[in-house]
>>> print(open('target-v6.cif').read())   # mmCIF, C-alpha atoms
data_target
#
loop_
_atom_site.label_atom_id
_atom_site.label_comp_id
_atom_site.auth_asym_id
_atom_site.auth_seq_id
_atom_site.Cartn_x
_atom_site.Cartn_y
_atom_site.Cartn_z
CA GLY A 1 0.70 -14.86 -20.52
CA GLY A 2 -2.86 -14.23 -19.49
CA THR A 3 -4.28 -11.67 -17.10
CA THR A 4 -3.23 -11.96 -13.48
CA ILE A 5 -5.07 -9.88 -10.90
CA ILE A 6 -3.43 -9.59 -7.51
CA GLN A 7 -6.01 -8.63 -4.91
CA PRO A 8 -4.50 -8.89 -1.43
CA GLY A 9 -6.23 -11.32 0.87
CA PRO A 10 -5.52 -12.31 4.45
CA GLY A 11 -3.70 -15.51 3.48
CA ASN A 12 -1.52 -14.30 0.61
CA SER A 13 -0.36 -10.83 1.55
CA LYS A 14 0.59 -8.46 4.28
CA ASP A 15 -0.55 -4.87 4.37
CA VAL A 16 -0.31 -1.97 6.79
CA TRP A 17 -0.25 1.80 6.83
CA THR A 18 2.15 4.04 8.71
CA THR A 19 2.36 7.73 9.43
CA SER A 20 5.20 10.14 10.13
CA VAL A 21 3.92 11.94 13.24
CA TYR A 22 1.08 10.53 15.36
CA SER A 23 1.73 7.07 16.81
CA TYR A 24 -1.84 5.72 17.12
CA ALA A 25 -0.49 3.64 20.03
CA PRO A 26 -2.47 3.76 23.29
CA GLU A 27 0.79 4.22 25.21
CA GLY A 28 2.08 6.91 22.84
CA GLY A 29 5.51 6.63 21.31
CA GLY A 30 6.72 7.36 17.90
CA PRO A 31 7.23 9.46 16.01
CA GLY A 32 4.73 7.93 13.73
CA GLY A 33 3.20 4.51 13.63
CA GLY A 34 0.06 3.64 11.74
CA LEU A 35 -2.16 0.65 12.32
CA ASP A 36 -2.59 -2.85 11.00
CA ASN A 37 -6.36 -2.60 10.76
CA GLU A 38 -9.13 -2.67 8.17
CA GLU A 39 -7.72 0.32 6.28
CA LEU A 40 -4.79 1.28 4.10
CA ILE A 41 -4.22 5.04 4.09
CA ALA A 42 -2.15 7.24 1.78
CA GLY A 43 -2.18 11.00 2.23
CA GLY A 44 -1.75 13.41 5.10
CA PHE A 45 -2.38 16.78 6.72
CA VAL A 46 1.14 18.10 7.33
CA ASP A 47 2.28 14.58 8.18
CA ARG A 48 2.57 11.68 5.73
CA TYR A 49 0.58 8.43 5.55
CA TYR A 50 1.96 5.57 3.41
CA ALA A 51 0.24 2.27 2.58
CA LEU A 52 2.41 -0.85 2.14
CA VAL A 53 1.35 -4.12 0.55
CA GLU A 54 3.36 -7.29 -0.10
CA PHE A 55 2.16 -10.34 -2.01
CA ASN A 56 3.06 -14.01 -1.83
CA LEU A 57 3.52 -14.95 -5.48
CA THR A 58 4.75 -18.49 -4.94
CA ASN A 59 1.90 -20.16 -6.83
CA SER A 60 1.25 -17.43 -9.37
CA PRO A 61 2.02 -17.68 -13.10
CA PRO A 62 5.68 -17.18 -14.14
CA ILE A 63 4.82 -14.39 -16.58
CA ALA A 64 1.80 -12.15 -17.09
CA GLY A 65 0.61 -10.29 -20.18
CA SER A 66 -1.19 -7.97 -17.79
CA CYS A 67 -1.26 -7.77 -14.02
CA TYR A 68 -3.14 -5.35 -11.79
CA LEU A 69 -3.28 -4.53 -8.13
CA GLU A 70 -6.91 -3.80 -7.28
CA LEU A 71 -7.86 -2.05 -4.07
CA TYR A 72 -11.27 -0.81 -2.95
CA CYS A 73 -11.28 2.91 -2.13
CA SER A 74 -13.74 3.37 0.72
CA GLY A 75 -13.35 7.15 0.79
CA HIS A 76 -11.12 10.09 1.62
CA ASN A 77 -11.71 10.73 5.38
CA GLY A 78 -13.70 13.86 4.55
CA ALA A 79 -10.66 15.29 2.74
CA THR A 80 -9.66 15.69 -0.90
CA PRO A 81 -8.21 12.70 -2.78
CA THR A 82 -4.55 12.80 -3.81
CA THR A 83 -2.50 11.39 -6.64
CA MET A 84 0.12 8.90 -5.48
CA ILE A 85 3.56 7.58 -6.31
CA LEU A 86 3.93 3.80 -6.70
CA ASP A 87 7.14 2.66 -5.04
CA ARG A 88 8.73 -0.78 -5.13
CA ILE A 89 9.74 -1.78 -1.60
CA GLY A 90 13.45 -2.57 -1.79
CA VAL A 91 14.13 -4.61 1.36
CA ALA A 92 12.46 -7.30 3.42
CA TRP A 93 10.13 -5.84 6.02
CA ASP A 94 7.78 -6.89 8.75
CA TRP A 95 6.25 -5.49 11.86
CA ASN A 96 6.10 -8.82 13.66
CA ARG A 97 2.36 -8.74 13.13
CA THR A 98 1.93 -6.33 16.03
CA ASP A 99 -0.66 -3.65 15.60
CA ARG A 100 1.54 -1.04 13.88
CA LEU A 101 4.54 -0.27 11.70
CA TRP A 102 6.58 2.53 13.26
CA TRP A 103 7.63 5.23 10.80
CA ALA A 104 11.30 4.71 11.68
CA ASN A 105 10.98 0.99 10.80
CA ARG A 106 9.34 1.40 7.40
CA PRO A 107 11.34 -0.28 4.65
CA ALA A 108 13.36 1.55 2.03
CA ALA A 109 11.47 1.98 -1.22
CA ILE A 110 12.34 2.99 -4.77
CA GLN A 111 10.00 4.94 -7.02
CA TRP A 112 8.74 2.45 -9.61
CA LEU A 113 6.63 4.48 -12.02
CA ALA A 114 7.98 7.77 -13.36
CA ASP A 115 4.59 9.50 -13.24
CA PRO A 116 2.11 9.72 -10.37
CA ILE A 117 -0.91 7.45 -10.49
CA PRO A 118 -4.36 9.14 -10.44
CA ALA A 119 -6.30 9.77 -7.28
CA PRO A 120 -8.92 7.08 -6.64
CA VAL A 121 -12.67 7.67 -6.71
CA ALA A 122 -14.47 7.03 -3.42
CA GLU A 123 -16.57 3.87 -3.11
CA SER A 124 -15.06 2.19 -6.15
CA TRP A 125 -12.35 -0.25 -7.17
CA TYR A 126 -8.96 1.26 -7.91
CA ARG A 127 -6.76 -0.53 -10.43
CA ILE A 128 -2.99 -0.12 -10.69
CA ASP A 129 -1.14 -1.72 -13.59
CA ILE A 130 1.85 -3.58 -12.11
CA THR A 131 2.52 -5.87 -15.09
CA ASN A 132 6.18 -4.94 -15.52
CA LEU A 133 6.84 -5.08 -11.80
CA TYR A 134 5.12 -8.47 -11.48
CA ASN A 135 7.18 -9.90 -14.34
CA ASP A 136 10.37 -8.47 -12.81
CA TRP A 137 9.46 -10.08 -9.47
CA LYS A 138 8.75 -13.44 -11.07
CA SER A 139 11.92 -13.40 -13.21
CA GLY A 140 14.07 -12.47 -10.23
CA THR A 141 15.16 -9.17 -11.81
CA VAL A 142 14.08 -7.42 -8.59
CA PRO A 143 13.13 -9.05 -5.28
CA ASN A 144 9.45 -9.12 -4.32
CA TYR A 145 9.03 -7.08 -1.16
CA GLY A 146 5.80 -5.46 -2.31
CA VAL A 147 4.75 -1.91 -3.07
CA GLN A 148 4.21 1.33 -1.23
CA LEU A 149 1.59 3.94 -2.07
CA ARG A 150 3.02 7.37 -1.28
CA PRO A 151 0.96 10.58 -1.57
CA VAL A 152 2.03 13.35 -3.94
CA ASP A 153 0.28 16.04 -1.90
CA ILE A 154 -0.49 15.94 1.82
CA ASN A 155 -2.37 19.19 2.44
CA ASN A 156 -5.48 17.54 3.96
CA LYS A 157 -5.59 14.93 1.21
CA PHE A 158 -6.34 11.27 1.87
CA ASN A 159 -7.06 8.03 0.05
CA VAL A 160 -8.48 5.23 2.19
CA PHE A 161 -8.62 1.65 0.91
CA HIS A 162 -9.89 -1.56 2.50
CA SER A 163 -7.05 -3.73 3.76
CA SER A 164 -6.94 -7.52 3.80
CA GLU A 165 -8.29 -7.33 7.38
CA TYR A 166 -11.52 -5.71 6.19
CA ALA A 167 -13.94 -8.18 7.76
CA ALA A 168 -16.97 -7.43 5.57
CA ASP A 169 -15.15 -8.54 2.40
CA PRO A 170 -11.60 -9.85 2.95
#
>>> encode(input="target-v6.cif", output="structure tokens")
Amino acid sequence: GGTTIIQPGPGNSKDVWTTSVYSYAPEGGGPGGGLDNEELIAGGFVDRYYALVEFNLTNSPPIAGSCYLELYCSGHNGATPTTMILDRIGVAWDWNRTDRLWWANRPAAIQWLADPIPAPVAESWYRIDITNLYNDWKSGTVPNYGVQLRPVDINNKFNVFHSSEYAADP
């Protein structure tokens, strides 16, 4: 097959970040609960921030010679970047399109790549090779529930990406 680039957009994906401690809800609650906003965050202080992305592949090619997830890294929240683990989300998930995914409701995920993926560079595109995962999704070998970006280190380390809600360039 040819090259397939999956770049989440508002109409063909869902994406959100969640965190293990602070709820980010005006009324409190938790523990944890990130936001469905213009960012996807992976990292943490002593807590953990995970970014989740799922793609609708209904009209995509049945097989790809190469396939990449490309995200724009807007920065690191004044912290140090961190390497990440790419997980395959193992179960259907949603947050009913409310403003957050509570930590307790995050879906189960399975580590997909054996080695961590490099930390992204601020203000640049970040490319993750998901060719094998894409082909497994399309063949039905594993169900497509998306991916999770999980930080390797959380000691004041953050990666911030634009989400599909990023209004300046969805």
>>> resolve_selection(input="target-v6.cif", expression="the PyMOL selection byres ((chain A and resi 92) around 10)", output="JSON list (two decimals) with C-alpha atoms, in the frame of the given file")
[["chain", "number", "residue", "atom", "x", "y", "z"],
["A", 54, "GLU", "CA", 3.36, -7.29, -0.10],
["A", 89, "ILE", "CA", 9.74, -1.78, -1.60],
["A", 90, "GLY", "CA", 13.45, -2.57, -1.79],
["A", 91, "VAL", "CA", 14.13, -4.61, 1.36],
["A", 93, "TRP", "CA", 10.13, -5.84, 6.02],
["A", 94, "ASP", "CA", 7.78, -6.89, 8.75],
["A", 107, "PRO", "CA", 11.34, -0.28, 4.65],
["A", 108, "ALA", "CA", 13.36, 1.55, 2.03],
["A", 143, "PRO", "CA", 13.13, -9.05, -5.28],
["A", 144, "ASN", "CA", 9.45, -9.12, -4.32],
["A", 145, "TYR", "CA", 9.03, -7.08, -1.16],
["A", 146, "GLY", "CA", 5.80, -5.46, -2.31]]
>>> resolve_selection(input="target-v6.cif", expression="the PyMOL selection byres ((chain A and resi 61-70) around 12)", output="NGL selection string")
:A and (1-9 or 13 or 53-60 or 71-73 or 86 or 120 or 124-140 or 146-149 or 161-164)
>>> write_last_selection(input="target-v6.cif", atoms="C-alpha atoms", output="short mmCIF file (atom, residue, chain, number, x, y, z; two decimals), in the frame of the given file")
data_model
loop_
_atom_site.label_atom_id
_atom_site.label_comp_id
_atom_site.auth_asym_id
_atom_site.auth_seq_id
_atom_site.Cartn_x
_atom_site.Cartn_y
_atom_site.Cartn_z
CA GLY A 1 0.70 -14.86 -20.52
CA GLY A 2 -2.86 -14.23 -19.49
CA THR A 3 -4.28 -11.67 -17.10
CA THR A 4 -3.23 -11.96 -13.48
CA ILE A 5 -5.07 -9.88 -10.90
CA ILE A 6 -3.43 -9.59 -7.51
CA GLN A 7 -6.01 -8.63 -4.91
CA PRO A 8 -4.50 -8.89 -1.43
CA GLY A 9 -6.23 -11.32 0.87
CA SER A 13 -0.36 -10.83 1.55
CA VAL A 53 1.35 -4.12 0.55
CA GLU A 54 3.36 -7.29 -0.10
CA PHE A 55 2.16 -10.34 -2.01
CA ASN A 56 3.06 -14.01 -1.83
CA LEU A 57 3.52 -14.95 -5.48
CA THR A 58 4.75 -18.49 -4.94
CA ASN A 59 1.90 -20.16 -6.83
CA SER A 60 1.25 -17.43 -9.37
CA LEU A 71 -7.86 -2.05 -4.07
CA TYR A 72 -11.27 -0.81 -2.95
CA CYS A 73 -11.28 2.91 -2.13
CA LEU A 86 3.93 3.80 -6.70
CA PRO A 120 -8.92 7.08 -6.64
CA SER A 124 -15.06 2.19 -6.15
CA TRP A 125 -12.35 -0.25 -7.17
CA TYR A 126 -8.96 1.26 -7.91
CA ARG A 127 -6.76 -0.53 -10.43
CA ILE A 128 -2.99 -0.12 -10.69
CA ASP A 129 -1.14 -1.72 -13.59
CA ILE A 130 1.85 -3.58 -12.11
CA THR A 131 2.52 -5.87 -15.09
CA ASN A 132 6.18 -4.94 -15.52
CA LEU A 133 6.84 -5.08 -11.80
CA TYR A 134 5.12 -8.47 -11.48
CA ASN A 135 7.18 -9.90 -14.34
CA ASP A 136 10.37 -8.47 -12.81
CA TRP A 137 9.46 -10.08 -9.47
CA LYS A 138 8.75 -13.44 -11.07
CA SER A 139 11.92 -13.40 -13.21
CA GLY A 140 14.07 -12.47 -10.23
CA GLY A 146 5.80 -5.46 -2.31
CA VAL A 147 4.75 -1.91 -3.07
CA GLN A 148 4.21 1.33 -1.23
CA LEU A 149 1.59 3.94 -2.07
CA PHE A 161 -8.62 1.65 0.91
CA HIS A 162 -9.89 -1.56 2.50
CA SER A 163 -7.05 -3.73 3.76
CA SER A 164 -6.94 -7.52 3.80
#
>>> residues_around(input="target-v6.cif", residues="A:Asn77", least_positions_apart="2", cutoff="7 Å", atoms="all atoms listed in the file", output="PyMOL selection string")
chain A and resi 75+79+158
>>> closest_atom_pairs(input="target-v6.cif", of="stretch 54-157 of chain A", to="stretch 34-45 of chain A", cutoff="7 Å", atoms="all atoms listed in the file", output="JSON lines")
{"residue": "A:Thr82", "atom": "CA", "partner": "A:Gly43", "partner_atom": "CA", "distance": 6.7}
{"residue": "A:Asp99", "atom": "CA", "partner": "A:Asp36", "partner_atom": "CA", "distance": 5.1}
{"residue": "A:Arg100", "atom": "CA", "partner": "A:Leu35", "partner_atom": "CA", "distance": 4.4}
{"residue": "A:Leu101", "atom": "CA", "partner": "A:Gly34", "partner_atom": "CA", "distance": 5.9}
{"residue": "A:Trp102", "atom": "CA", "partner": "A:Gly34", "partner_atom": "CA", "distance": 6.8}
{"residue": "A:Leu149", "atom": "CA", "partner": "A:Ala42", "partner_atom": "CA", "distance": 6.3}
{"residue": "A:Arg150", "atom": "CA", "partner": "A:Ala42", "partner_atom": "CA", "distance": 6.0}
{"residue": "A:Pro151", "atom": "CA", "partner": "A:Gly43", "partner_atom": "CA", "distance": 4.9}
{"residue": "A:Asp153", "atom": "CA", "partner": "A:Gly43", "partner_atom": "CA", "distance": 7.0}
{"residue": "A:Ile154", "atom": "CA", "partner": "A:Gly44", "partner_atom": "CA", "distance": 4.3}
{"residue": "A:Asn155", "atom": "CA", "partner": "A:Phe45", "partner_atom": "CA", "distance": 4.9}
{"residue": "A:Asn156", "atom": "CA", "partner": "A:Phe45", "partner_atom": "CA", "distance": 4.2}
{"residue": "A:Lys157", "atom": "CA", "partner": "A:Gly43", "partner_atom": "CA", "distance": 5.3}
>>> atom_distance(input="target-v6.cif", atom1="atom CA of A:Thr80", atom2="atom CA of A:Val46")
13.8 Å
>>> atom_distance(input="target-v6.cif", atom1="atom CA of A:Gly32", atom2="atom CA of A:Pro116")
24.3 Å
>>> closest_residue(input="target-v6.cif", among="A:Val121, A:Ala25, A:Ile110, A:Val142", to="A:Ile85", atoms="all atoms listed in the file")
A:Ile110
>>> atom_distance(input="target-v6.cif", atom1="atom CA of A:Asn105", atom2="atom CA of A:Pro118")
27.4 Å
